[in-house]
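The next block is entry.cif, given as mmCIF, C-alpha atoms.
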data_model
#
loop_
_atom_site.label_atom_id
_atom_site.label_comp_id
_atom_site.auth_asym_id
_atom_site.auth_seq_id
_atom_site.Cartn_x
_atom_site.Cartn_y
_atom_site.Cartn_z
CA MET A 1 25.55 30.34 174.44
CA GLY A 2 24.74 28.72 177.79
CA VAL A 3 27.10 28.31 180.74
CA ASP A 4 27.69 24.84 182.28
CA THR A 5 27.04 25.12 186.05
CA ALA A 6 27.50 21.43 186.94
CA VAL A 7 29.48 20.90 190.11
CA GLU A 8 31.35 17.75 190.98
CA HIS A 9 32.08 16.67 194.54
CA ARG A 10 34.29 14.16 196.24
CA ILE A 11 34.77 12.99 199.84
CA VAL A 12 38.24 12.88 201.37
CA ARG A 13 38.43 10.42 204.27
CA GLY A 14 40.81 11.02 207.14
CA PRO A 15 43.23 10.84 208.58
CA ALA A 16 44.70 12.94 205.78
CA LYS A 17 46.10 16.38 204.92
CA PHE A 18 43.78 18.07 202.42
CA ILE A 19 45.03 20.81 200.05
CA PRO A 20 42.27 21.91 197.69
CA ALA A 21 42.95 22.53 194.01
CA PRO A 22 42.43 26.04 192.52
CA ASN A 23 38.94 25.15 191.42
CA GLU A 24 37.99 23.27 194.69
CA TRP A 25 36.66 24.42 198.01
CA VAL A 26 35.62 22.66 201.24
CA HIS A 27 31.89 22.37 201.70
CA GLN A 28 31.91 21.10 205.32
CA LYS A 29 33.61 18.69 207.66
CA LEU A 30 31.66 15.47 208.02
CA ARG A 31 31.22 13.55 211.31
CA GLU A 32 31.68 9.80 211.25
CA HIS A 33 28.70 7.74 212.48
CA ILE A 34 29.52 4.44 214.23
CA ALA A 35 27.11 1.61 215.11
CA ASP A 36 28.17 -1.31 217.32
CA GLU A 37 26.64 -4.82 217.67
CA ASN A 38 23.61 -3.55 219.67
CA THR A 39 22.74 -0.60 217.41
CA TYR A 40 21.89 0.08 213.80
CA MET A 41 21.93 3.04 211.36
CA GLU A 42 18.84 4.67 209.94
CA ILE A 43 19.84 6.61 206.79
CA ARG A 44 17.26 8.92 205.27
CA LYS A 45 17.99 9.61 201.64
CA ARG A 46 17.17 12.95 200.03
CA ALA A 47 15.27 11.07 197.39
CA GLY A 48 12.86 9.70 200.05
CA PRO A 49 13.76 6.07 200.86
CA ILE A 50 15.12 4.96 204.22
CA GLN A 51 18.07 2.59 204.48
CA ILE A 52 18.72 0.36 207.54
CA ILE A 53 22.27 -0.91 208.19
CA HIS A 54 22.94 -3.32 211.04
CA GLY A 55 25.94 -2.74 213.28
CA PRO A 56 28.82 -2.97 213.63
CA HIS A 57 29.28 -0.39 210.90
CA SER A 58 30.66 3.11 210.37
CA MET A 59 30.07 5.73 207.64
CA PHE A 60 30.00 9.45 206.87
CA LEU A 61 26.92 11.38 205.82
CA ASP A 62 26.95 12.16 202.15
CA PRO A 63 25.47 15.68 201.99
CA ILE A 64 24.55 15.19 198.35
CA GLU A 65 22.54 11.95 198.80
CA ASP A 66 21.84 11.66 202.55
CA GLU A 67 19.53 13.85 204.51
CA SER A 68 20.36 12.39 207.97
CA ILE A 69 21.99 9.42 209.70
CA ARG A 70 20.78 8.22 213.07
CA VAL A 71 22.37 5.55 215.21
CA LEU A 72 19.52 3.79 217.05
CA ALA A 73 19.57 1.08 219.68
CA ALA A 74 18.29 -2.36 218.75
CA THR A 75 15.34 -3.64 220.77
CA MET A 76 16.48 -6.43 223.10
CA ILE A 77 13.75 -8.81 224.28
CA ASP A 78 14.08 -11.77 226.60
CA ALA A 79 12.22 -15.08 226.70
CA SER A 80 9.25 -13.56 228.56
CA GLU A 81 8.61 -10.79 226.04
CA ALA A 82 7.32 -10.37 222.50
CA LEU A 83 7.02 -7.55 219.95
CA VAL A 84 4.12 -6.85 217.63
CA VAL A 85 5.61 -5.67 214.31
CA TYR A 86 3.73 -4.06 211.44
CA LYS A 87 5.01 -3.94 207.86
CA HIS A 88 3.70 -1.97 204.90
CA SER A 89 2.52 -4.18 202.10
CA THR A 90 0.82 -3.46 198.81
CA LYS A 91 -0.26 -7.07 198.35
CA GLN A 92 -2.30 -7.29 201.57
CA GLN A 93 -5.67 -5.58 201.82
CA GLY A 94 -5.24 -2.52 203.99
CA GLY A 95 -1.56 -2.27 203.16
CA VAL A 96 -0.23 -3.55 206.53
CA VAL A 97 0.91 -7.00 207.64
CA ARG A 98 1.22 -7.86 211.34
CA ARG A 99 3.55 -10.41 212.91
CA VAL A 100 4.59 -11.35 216.44
CA PHE A 101 8.33 -11.43 217.16
CA ARG A 102 9.17 -13.51 220.27
CA GLY A 103 12.28 -13.45 222.39
CA PRO A 104 14.96 -13.99 223.37
CA ALA A 105 16.26 -12.00 220.42
CA ARG A 106 17.70 -8.71 219.18
CA PHE A 107 15.22 -6.90 216.95
CA ILE A 108 16.19 -4.36 214.31
CA PRO A 109 13.24 -3.18 212.19
CA ALA A 110 13.37 -3.00 208.42
CA ALA A 111 12.86 0.32 206.67
CA ASP A 112 9.15 -0.38 206.17
CA GLU A 113 8.48 -1.86 209.65
CA TYR A 114 7.34 -0.28 212.91
CA LEU A 115 6.41 -1.54 216.39
CA HIS A 116 3.00 -1.61 217.97
CA GLN A 117 2.69 0.92 220.78
CA PHE A 118 0.51 -0.44 223.58
CA GLU A 119 -1.47 2.01 225.71
CA TRP A 120 -3.23 0.22 228.55
CA SER A 121 -4.80 1.32 231.78
CA GLY A 122 -2.12 1.61 234.39
CA VAL A 123 -1.12 3.05 237.71
CA PRO A 124 -0.50 6.79 237.47
CA LYS A 125 2.85 8.11 238.59
CA ASP A 126 1.41 9.81 241.66
CA GLY A 127 -1.25 7.14 242.40
CA SER A 128 -1.39 3.95 244.44
CA LYS A 129 -0.96 0.45 243.04
CA THR A 130 -4.73 -0.11 243.17
CA SER A 131 -5.75 2.99 241.19
CA TYR A 132 -5.82 2.92 237.39
CA GLN A 133 -5.86 5.59 234.71
CA PRO A 134 -6.62 4.98 231.02
CA LYS A 135 -3.53 4.93 228.75
CA ALA A 136 -1.20 5.41 231.71
CA LEU A 137 0.78 2.25 230.84
CA LYS A 138 2.67 2.66 227.54
CA PHE A 139 5.11 0.09 226.20
CA THR A 140 6.21 -1.89 223.13
CA LYS A 141 7.48 -5.06 224.81
CA LEU A 142 4.54 -7.31 225.54
CA LYS A 143 4.88 -9.63 228.57
CA VAL A 144 3.95 -13.25 227.77
CA ILE A 145 4.40 -14.65 231.29
CA PRO A 146 1.79 -14.86 234.11
CA MET A 147 1.12 -11.39 235.52
CA THR A 148 -0.71 -9.88 238.51
CA ALA A 149 -2.78 -6.78 239.09
CA TYR A 150 -4.18 -5.17 242.26
CA HIS A 151 -7.71 -3.80 242.16
CA ASN A 152 -9.99 -2.24 244.76
CA VAL A 153 -13.72 -2.14 244.03
CA SER A 154 -14.83 0.96 245.91
CA GLU A 155 -18.21 1.70 247.55
CA VAL A 156 -19.91 -1.60 246.85
CA ARG A 157 -23.36 -1.67 248.43
CA THR A 158 -24.84 -4.78 250.08
CA ASN A 159 -28.59 -5.49 250.09
CA ASP A 160 -28.88 -3.91 253.57
CA ASP A 161 -27.41 -0.67 252.20
CA THR A 162 -23.91 -1.04 253.64
CA LEU A 163 -21.02 0.49 251.68
CA ILE A 164 -17.78 -1.46 251.61
CA THR A 165 -14.58 -1.54 249.53
CA ILE A 166 -13.41 -4.93 248.26
CA LYS A 167 -9.68 -5.52 247.76
CA LEU A 168 -8.67 -8.05 245.10
CA MET A 169 -5.54 -9.39 243.45
CA LEU A 170 -5.85 -10.81 239.91
CA PHE A 171 -3.57 -13.48 238.43
CA TYR A 172 -3.76 -13.83 234.64
CA ASP A 173 -1.77 -15.31 231.77
CA LEU A 174 -1.63 -14.28 228.09
CA ILE A 175 -2.48 -17.29 225.90
CA ASP A 176 -3.22 -15.94 222.40
CA ILE A 177 -1.56 -12.66 221.34
CA GLU A 178 -3.34 -12.44 217.98
CA LYS A 179 -6.72 -12.91 219.67
CA MET A 180 -5.90 -10.22 222.23
CA LEU A 181 -4.85 -7.75 219.51
CA ASP A 182 -8.07 -8.35 217.59
CA ALA A 183 -10.41 -8.31 220.64
CA THR A 184 -9.33 -5.41 222.86
CA PRO A 185 -7.09 -2.35 223.01
CA ASP A 186 -6.90 -2.44 226.83
CA PRO A 187 -6.99 -5.85 228.61
CA ILE A 188 -6.32 -4.33 232.04
CA GLY A 189 -9.34 -2.06 231.68
CA ASP A 190 -11.44 -5.05 230.68
CA PHE A 191 -10.28 -7.00 233.75
CA ILE A 192 -11.06 -4.09 236.09
CA ASN A 193 -14.54 -3.57 234.69
CA ALA A 194 -15.40 -7.30 234.70
CA ALA A 195 -14.09 -7.85 238.23
CA SER A 196 -16.01 -4.82 239.47
CA SER A 197 -19.21 -6.17 237.89
CA ASP A 198 -18.76 -9.58 239.55
CA VAL A 199 -18.07 -8.03 242.97
CA ILE A 200 -21.09 -5.72 242.73
CA ALA A 201 -23.31 -8.65 241.74
CA PHE A 202 -22.01 -10.75 244.65
CA CYS A 203 -22.37 -8.06 247.32
CA SER A 204 -25.78 -6.84 246.18
CA ALA A 205 -27.25 -10.28 246.82
CA VAL A 206 -26.13 -10.61 250.45
CA SER A 207 -26.37 -8.66 253.67
CA TYR A 208 -23.37 -7.33 255.53
CA GLU A 209 -23.45 -10.12 258.11
CA THR A 210 -23.80 -12.72 255.36
CA PHE A 211 -20.92 -11.09 253.49
CA LEU A 212 -18.72 -11.42 256.58
CA ASN A 213 -19.42 -15.15 256.66
CA GLU A 214 -19.01 -15.69 252.91
CA THR A 215 -15.87 -13.70 252.08
CA HIS A 216 -14.14 -17.00 251.22
CA LYS A 217 -16.22 -17.14 248.04
CA LEU A 218 -14.29 -14.13 246.73
CA ASN A 219 -11.30 -16.49 246.36
CA ASP A 220 -13.26 -18.78 244.04
CA LEU A 221 -13.22 -18.21 240.27
CA ALA A 222 -16.84 -19.39 240.14
CA THR A 223 -17.82 -16.05 241.73
CA PHE A 224 -16.13 -14.12 238.87
CA ALA A 225 -17.96 -15.53 235.88
CA GLN A 226 -17.83 -12.25 233.89
CA LEU A 227 -14.11 -11.82 234.59
CA VAL A 228 -13.26 -15.37 233.51
CA GLY A 229 -15.43 -15.11 230.40
CA ARG A 230 -14.00 -11.74 229.36
CA ALA A 231 -10.42 -12.97 229.87
CA GLU A 232 -11.09 -16.00 227.67
CA HIS A 233 -12.71 -13.82 225.03
CA ILE A 234 -9.65 -11.56 224.68
CA GLY A 235 -7.04 -14.34 224.64
CA TYR A 236 -6.18 -14.48 228.35
CA ARG A 237 -6.65 -17.11 231.05
CA MET A 238 -7.60 -15.97 234.53
CA GLU A 239 -5.55 -18.21 236.86
CA LYS A 240 -7.05 -17.12 240.18
CA VAL A 241 -8.47 -14.23 242.18
CA VAL A 242 -7.27 -13.53 245.71
CA PHE A 243 -9.44 -11.67 248.20
CA ARG A 244 -7.16 -9.29 250.12
CA GLY A 245 -9.77 -8.00 252.55
CA PHE A 246 -12.33 -5.23 252.66
CA GLN A 247 -12.88 -1.82 254.18
CA ALA A 248 -16.21 -0.42 255.41
CA GLY A 249 -17.33 3.16 256.19
CA GLU A 250 -15.87 5.00 259.16
CA ARG A 251 -18.89 4.54 261.49
CA LEU A 252 -19.53 1.00 260.37
CA GLN A 253 -15.85 0.28 260.55
CA ALA A 254 -15.74 1.70 264.08
CA MET A 255 -18.69 -0.47 265.09
CA HIS A 256 -17.10 -3.40 263.37
CA ASP A 257 -13.80 -2.71 265.12
CA ASP A 258 -15.59 -2.55 268.49
CA ALA A 259 -17.32 -5.83 267.72
CA ILE A 260 -14.03 -7.30 266.67
CA GLN A 261 -12.40 -6.10 269.89
CA GLU A 262 -15.21 -7.57 271.97
CA ARG A 263 -15.08 -10.84 270.07
CA THR A 264 -11.34 -10.83 270.41
CA ARG A 265 -11.59 -10.19 274.15
CA LEU A 266 -14.11 -12.98 274.58
CA ARG A 267 -12.08 -15.28 272.40
CA LEU A 268 -8.93 -14.48 274.36
CA LEU A 269 -10.82 -15.05 277.62
CA GLU A 270 -12.11 -18.33 276.28
CA GLU A 271 -8.67 -19.29 275.06
CA THR A 272 -7.20 -18.34 278.46
CA GLN A 273 -9.72 -20.50 280.29
CA ALA A 274 -9.20 -23.25 277.77
CA GLN A 275 -5.44 -22.96 278.27
CA GLU A 276 -5.87 -23.12 282.04
CA GLN A 277 -8.09 -26.18 281.65
CA ARG A 278 -5.58 -27.73 279.26
CA ALA A 279 -2.79 -26.94 281.70
CA MET A 280 -4.75 -28.61 284.50
CA ASP A 281 -5.49 -31.57 282.26
CA LEU A 282 -1.85 -31.77 281.31
CA ARG A 283 -0.84 -31.62 284.98
CA LEU A 284 -3.30 -34.39 285.90
CA ALA A 285 -2.23 -36.41 282.91
CA ALA A 286 1.41 -35.91 283.89
CA GLU A 287 0.70 -37.03 287.47
CA GLN A 288 -1.25 -40.03 286.25
CA GLN A 289 1.51 -40.85 283.84
CA ARG A 290 4.08 -40.47 286.60
CA MET A 291 2.08 -42.77 288.91
CA THR A 292 1.71 -45.27 286.10
CA LYS A 293 5.43 -45.15 285.47
CA GLU A 294 6.16 -45.56 289.19
CA ALA A 295 3.85 -48.59 289.32
CA GLN A 296 5.50 -49.96 286.22
CA LEU A 297 8.91 -49.37 287.79
CA LYS A 298 7.83 -51.18 290.97
CA VAL A 299 6.46 -54.08 288.98
CA GLU A 300 9.60 -54.14 286.91
CA GLN A 301 11.76 -54.00 290.05
CA SER A 302 9.76 -56.85 291.64
CA ARG A 303 10.06 -58.83 288.47
CA LEU A 304 13.79 -58.21 288.37
CA GLU A 305 14.16 -59.21 292.02
CA ALA A 306 12.13 -62.38 291.43
CA ASP A 307 14.17 -63.06 288.33
CA ILE A 308 17.42 -62.52 290.25
CA SER A 309 16.19 -64.77 293.09
CA LEU A 310 15.10 -67.42 290.64
CA ARG A 311 18.42 -67.21 288.86
CA ALA A 312 20.26 -67.44 292.21
CA GLN A 313 18.25 -70.52 293.23
CA LYS A 314 18.77 -72.01 289.84
CA ALA A 315 22.50 -71.32 290.13
CA LYS A 316 22.57 -72.94 293.60
CA LEU A 317 20.68 -75.97 292.29
CA GLU A 318 23.02 -76.21 289.37
CA GLU A 319 25.98 -75.85 291.73
CA GLN A 320 24.53 -78.55 294.07
CA ALA A 321 23.86 -80.73 291.06
CA LEU A 322 27.46 -80.29 289.99
CA VAL A 323 28.65 -81.13 293.54
CA ASP A 324 26.37 -84.18 293.69
CA SER A 325 27.50 -85.21 290.26
CA ALA A 326 31.12 -84.81 291.33
CA GLU A 327 30.47 -86.78 294.51
CA ALA A 328 28.68 -89.52 292.58
CA GLU A 329 31.50 -89.59 290.07
CA ARG A 330 34.06 -89.75 292.86
CA ALA A 331 32.08 -92.56 294.61
CA ARG A 332 31.74 -94.35 291.30
CA LEU A 333 35.44 -94.03 290.68
CA GLN A 334 36.16 -95.23 294.24
CA ASN A 335 33.80 -98.18 293.82
CA GLU A 336 35.30 -98.98 290.49
CA THR A 337 38.78 -98.68 292.00
CA ALA A 338 37.78 -100.91 294.96
CA ILE A 339 36.13 -103.42 292.68
CA ALA A 340 39.14 -103.34 290.43
CA GLU A 341 41.43 -103.82 293.42
CA MET A 342 39.24 -106.67 294.75
CA ARG A 343 39.13 -108.19 291.34
CA ALA A 344 42.87 -107.80 291.02
CA LYS A 345 43.37 -109.27 294.52
CA ALA A 346 40.97 -112.14 293.83
CA ALA A 347 42.66 -112.71 290.53
CA ALA A 348 46.02 -112.63 292.23
CA GLU A 349 44.84 -115.01 294.96
CA ALA A 350 43.23 -117.24 292.36
CA ASP A 351 46.41 -117.12 290.40
CA ILE A 352 48.40 -118.00 293.52
CA GLU A 353 46.00 -120.80 294.35
CA ALA A 354 46.16 -121.99 290.80
CA LYS A 355 49.92 -121.85 290.91
CA LYS A 356 49.84 -123.68 294.27
CA LEU A 357 47.52 -126.30 292.85
CA GLU A 358 49.69 -126.52 289.81
CA VAL A 359 52.77 -126.89 291.97
CA GLU A 360 51.00 -129.43 294.19
CA LYS A 361 49.76 -131.20 291.14
CA GLY A 362 53.23 -131.23 289.74
CA ARG A 363 54.60 -132.51 293.02
CA ASN A 364 51.93 -135.19 293.22
CA GLU A 365 52.53 -136.18 289.66
CA GLU A 366 56.23 -136.29 290.39
CA GLN A 367 55.59 -138.46 293.43
CA LEU A 368 53.30 -140.70 291.44
CA ARG A 369 55.92 -141.00 288.78
CA VAL A 370 58.57 -141.80 291.37
CA MET A 371 56.25 -144.29 293.02
CA ARG A 372 55.49 -145.92 289.70
CA GLU A 373 59.14 -146.22 289.07
CA MET A 374 59.65 -147.56 292.58
CA LYS A 375 56.79 -149.98 292.06
CA SER A 376 58.30 -151.06 288.87
CA LEU A 377 61.47 -151.71 290.84
CA ASN A 378 59.51 -153.66 293.54
CA VAL A 379 60.34 -151.15 296.23
CA ASP A 380 58.22 -151.12 299.33
CA ILE A 381 56.51 -147.85 298.86
CA THR A 382 54.89 -147.88 302.28
CA LYS A 383 58.21 -147.95 303.97
CA VAL A 384 59.47 -145.25 301.84
CA LEU A 385 56.55 -143.12 302.62
CA VAL A 386 56.77 -143.81 306.29
CA SER A 387 60.42 -143.00 306.26
CA GLN A 388 59.67 -139.69 304.66
CA GLN A 389 57.16 -138.76 307.30
CA PRO A 390 58.28 -137.14 310.51
CA HIS A 391 58.59 -139.28 313.63
CA VAL A 392 55.24 -140.14 315.22
CA ASP A 393 54.25 -141.33 318.62
CA SER A 394 51.91 -144.04 317.41
CA VAL A 395 51.51 -146.08 314.28
CA ILE A 396 48.25 -147.14 312.91
CA LYS A 397 48.51 -150.33 311.01
CA LEU A 398 46.00 -150.96 308.36
CA ASP A 399 45.01 -154.55 307.80
CA THR A 400 44.06 -155.11 304.28
CA GLY A 401 42.75 -158.59 305.02
CA ALA A 402 45.53 -160.44 303.16
CA ARG A 403 46.22 -163.98 304.21
CA ALA A 404 49.63 -165.18 305.36
CA ASP A 405 49.42 -168.35 303.30
CA GLY A 406 50.41 -169.03 299.83
CA GLY A 407 47.84 -166.70 298.61
CA GLY A 408 49.76 -163.99 300.32
CA LYS A 409 52.07 -163.64 297.41
CA ALA A 410 49.27 -162.41 295.23
CA ALA A 411 48.18 -160.16 297.96
CA ALA A 412 51.65 -158.87 298.38
CA SER A 413 51.76 -157.99 294.80
CA ASP A 414 48.68 -155.81 295.25
CA ALA A 415 49.60 -154.61 298.73
CA PRO A 416 51.92 -151.85 297.67
CA GLY A 417 49.26 -150.10 295.69
CA LYS A 418 46.68 -150.23 298.43
CA GLY A 419 49.22 -149.30 301.02
CA LEU A 420 50.29 -146.30 298.97
CA ILE A 421 46.72 -145.02 298.67
CA GLY A 422 46.17 -145.38 302.35
CA ALA A 423 49.43 -143.69 303.13
CA LEU A 424 48.55 -140.84 300.87
CA GLN A 425 45.18 -140.47 302.49
CA LEU A 426 46.72 -140.45 305.96
CA ASN A 427 49.35 -138.01 304.87
CA LEU A 428 46.74 -135.76 303.50
#

Show how you would write the structure in this file as structure tokens.
Amino acid sequence: MGVDTAVEHRIVRGPAKFIPAPNEWVHQKLREHIADENTYMEIRKRAGPIQIIHGPHSMFLDPIEDESIRVLAATMIDASEALVVYKHSTKQQGGVVRRVFRGPARFIPAADEYLHQFEWSGVPKDGSKTSYQPKALKFTKLKVIPMTAYHNVSEVRTNDDTLITIKLMLFYDLIDIEKMLDATPDPIGDFINAASSDVIAFCSAVSYETFLNETHKLNDLATFAQLVGRAEHIGYRMEKVVFRGFQAGERLQAMHDDAIQERTRLRLLEETQAQEQRAMDLRLAAEQQRMTKEAQLKVEQSRLEADISLRAQKAKLEEQALVDSAEAERARLQNETAIAEMRAKAAAEADIEAKKLEVEKGRNEEQLRVMREMKSLNVDITKVLVSQQPHVDSVIKLDTGARADGGGKAAASDAPGKGLIGALQLNL
């Protein structure tokens, strides 16, 4: 008869007070595993599979089913980074599928996924920024923004057997990640080798003196045909290459330094003489300018004086014209006043004369009327008139030629009229 050895288990979660039953015992105390928002849990089952649980989450390891629980940090990538992720697949030939995961994002791999580990040529920890070592740069986050790299091509020989070191700075940009992954395992190494080949080809075709005069060509991408072609072949674009200078051998560098010092001394001497000449030219130009300004000031002053004199004369003429105009106006007013007064006086005198004539006329008419009345009354008008005249010393008798005969009556009838006219004429 066999014995049943099956064992049951249960997990008691705290906080709690545990009192085991007679047939129970404590296997072990379990530690709680906690994952926050930026972490995840990797649970390895005893049966073989791996379970991934995203945080936040907490759980205890089940010693019956779980082999281990690890809390791992999620991979955070920004907008300038990308991850190359591989996934096991039975449908794809080769059993692995590759995809590119771009940021910004938080990446947590699935149980059957893993990240590509890049191993490129890089600067060693104890080296300079221009020295490179294979597989020294290891990373999983791939930069997808324009990058730079320093590179010195050492001991390049010109066609006159001069050794020099060329210093470059490379600017490149990743365009096609899939093409880069398929074409090369080390883009930096490819750039270094291609740039070195282009520099060697350039320097080997020129002499040292020619090189000194044509260093500007090392800033032109046309000089780096192999570098540009290789970058395009592996999914990159070479933006530009900057020539940072060069370094020759010690003796050549010393000779070059001496030549540079001599050229610098001569250039400084030339610049000093040129500065002295410019200073003299500036001084002469300043004096000429000052004389020109003085002449202009004199001309301007003369013009102002002439203008002021002309304005003064014009003001005097205008003032004299105003005085003459006032005098003429005053004379005109005086003449008009005199003429008006003369006209008024003549009018008054004419009026007086007219009134006198009118009065005289009225008096004469009155006398004529009286005389007519006296004539009608057969009054001797001559006597009347004589009586009205003041006393005279002599009397002039007018003989009208009337006869004393019978015809004298007719004459007498006409005598008064003729005597009146004569009296009037004498009186006048």

Checklist entry - Using only C-alpha atoms, which of the listed residues (A:Ser128, A:Thr292, A:Asn219, A:Thr75) sits closest to Gly103 (chain A)? => result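 Of all the options, A:Thr75 lies closest to Gly103 (chain A).
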
Checklist entry - Pick from A:Phe246, A:Ala194, A:Asp186, A:Met147: nearest to His216 (chain A), with only C-alpha atoms counted? => result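 Of the candidates, the smallest distance to His216 (chain A) is held by A:Phe246.
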
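Taking CA of Tyr172 (chain A) and CA of Lys143 (chain A) as the two end points, the separation is 11.4 Å.
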
Checklist entry - With only C-alpha atoms as the atoms that count, which of A:Ile308, A:Ala110, A:Val156, A:Val100 lies nearest to Ser204 (chain A)? => result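 Using only C-alpha atoms, Ser204 (chain A) sits closest to A:Val156.
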
Can you turn the PyMOL selection byres ((chain A and resi 84) around 9) into a concrete residue list for this file, as an mmCIF file with C-alpha atoms, in the coordinates of the input?
data_model
loop_
_atom_site.group_PDB
_atom_site.id
_atom_site.type_symbol
_atom_site.label_atom_id
_atom_site.label_comp_id
_atom_site.auth_asym_id
_atom_site.auth_seq_id
_atom_site.Cartn_x
_atom_site.Cartn_y
_atom_site.Cartn_z
ATOM 1 C CA ALA A 82 7.320 -10.370 222.500
ATOM 2 C CA LEU A 83 7.020 -7.550 219.950
ATOM 3 C CA VAL A 85 5.610 -5.670 214.310
ATOM 4 C CA TYR A 86 3.730 -4.060 211.440
ATOM 5 C CA ARG A 98 1.220 -7.860 211.340
ATOM 6 C CA ARG A 99 3.550 -10.410 212.910
ATOM 7 C CA VAL A 100 4.590 -11.350 216.440
ATOM 8 C CA PHE A 101 8.330 -11.430 217.160
ATOM 9 C CA ARG A 102 9.170 -13.510 220.270
ATOM 10 C CA TYR A 114 7.340 -0.280 212.910
ATOM 11 C CA LEU A 115 6.410 -1.540 216.390
ATOM 12 C CA HIS A 116 3.000 -1.610 217.970
ATOM 13 C CA GLN A 117 2.690 0.920 220.780
ATOM 14 C CA THR A 140 6.210 -1.890 223.130
ATOM 15 C CA LYS A 141 7.480 -5.060 224.810
ATOM 16 C CA LEU A 142 4.540 -7.310 225.540
ATOM 17 C CA ILE A 177 -1.560 -12.660 221.340
#

Next on the checklist: One number please: CA of Glu113 (chain A) to CA of Phe60 (chain A), in Å, one decimal.
Outcome noted: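 Going from CA of Glu113 (chain A) over to CA of Phe60 (chain A), I get 24.5 Å.
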
Item to check | Surrounding residues of Glu67 (chain A) excluding itself and chain neighbours under 2 positions, 9 Å, all atoms listed in the file, as a list of chain:residue names | outcome: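 Surrounding residues, per the criterion: A:Ile43, A:Arg44, A:Lys45, A:Arg46, A:Ala47, A:Leu61, A:Asp62, A:Pro63, A:Ile64, A:Glu65, A:Ile69.
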
Checklist entry - If you measure from CA of Val206 (chain A) to CA of Tyr132 (chain A), what distance in Å do you get, rounded to one decimal? => result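 Calculated distance between CA of Val206 (chain A) and CA of Tyr132 (chain A) is 27.7 Å.
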
Checklist entry - Just so the selection is clear, what residues does the PyMOL selection byres ((chain A and resi 79) around 7) cover here, as a PyMOL selection string? => result chain A and resi 77-78+80-81+103-104

Give as a compact mmCIF listing (two decimals) with C-alpha atoms, keeping the file's coordinate frame the residues that the PyMOL selection byres ((chain A and resi 197) around 12) matches when applied to the coordinates above.
# COMPACT_ATOMS: atom_id res chain seq x y z
CA VAL A 153 -13.72 -2.14 244.03
CA SER A 154 -14.83 0.96 245.91
CA VAL A 156 -19.91 -1.60 246.85
CA ILE A 166 -13.41 -4.93 248.26
CA ASP A 190 -11.44 -5.05 230.68
CA PHE A 191 -10.28 -7.00 233.75
CA ILE A 192 -11.06 -4.09 236.09
CA ASN A 193 -14.54 -3.57 234.69
CA ALA A 194 -15.40 -7.30 234.70
CA ALA A 195 -14.09 -7.85 238.23
CA SER A 196 -16.01 -4.82 239.47
CA ASP A 198 -18.76 -9.58 239.55
CA VAL A 199 -18.07 -8.03 242.97
CA ILE A 200 -21.09 -5.72 242.73
CA ALA A 201 -23.31 -8.65 241.74
CA PHE A 202 -22.01 -10.75 244.65
CA CYS A 203 -22.37 -8.06 247.32
CA SER A 204 -25.78 -6.84 246.18
CA THR A 223 -17.82 -16.05 241.73
CA PHE A 224 -16.13 -14.12 238.87
CA ALA A 225 -17.96 -15.53 235.88
CA GLN A 226 -17.83 -12.25 233.89
CA LEU A 227 -14.11 -11.82 234.59
CA VAL A 228 -13.26 -15.37 233.51
CA ARG A 230 -14.00 -11.74 229.36

Checklist entry - Using all atoms listed in the file, which residue out of A:Ala331, A:Leu310, A:Ala149, A:Ile234 lies closest to Asp176 (chain A)? => result A:Ile234

Determine the axis-aligned bounding box of all atoms of region 376-381 of chain A present in the file, pad each side by 5 Å, and express its centre and edge lengths in Å to one decimal place as JSON.
{"center_x": 59.0, "center_y": -150.8, "center_z": 294.1, "size_x": 15.0, "size_y": 15.8, "size_z": 20.5}

Checklist entry - Counting all atoms listed in the file, which of A:Thr337, A:Gln288, A:Gln320, A:Thr165 gets nearest to Gly245 (chain A)? => result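 Closest candidate: A:Thr165.
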
Checklist entry - With only C-alpha atoms as the basis for distance, which of A:Asp161, A:Glu232, A:Glu119, A:Glu239 is at the shortest distance from Asp173 (chain A)? => result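 Among the listed residues, the smallest separation from Asp173 (chain A) belongs to A:Glu239.
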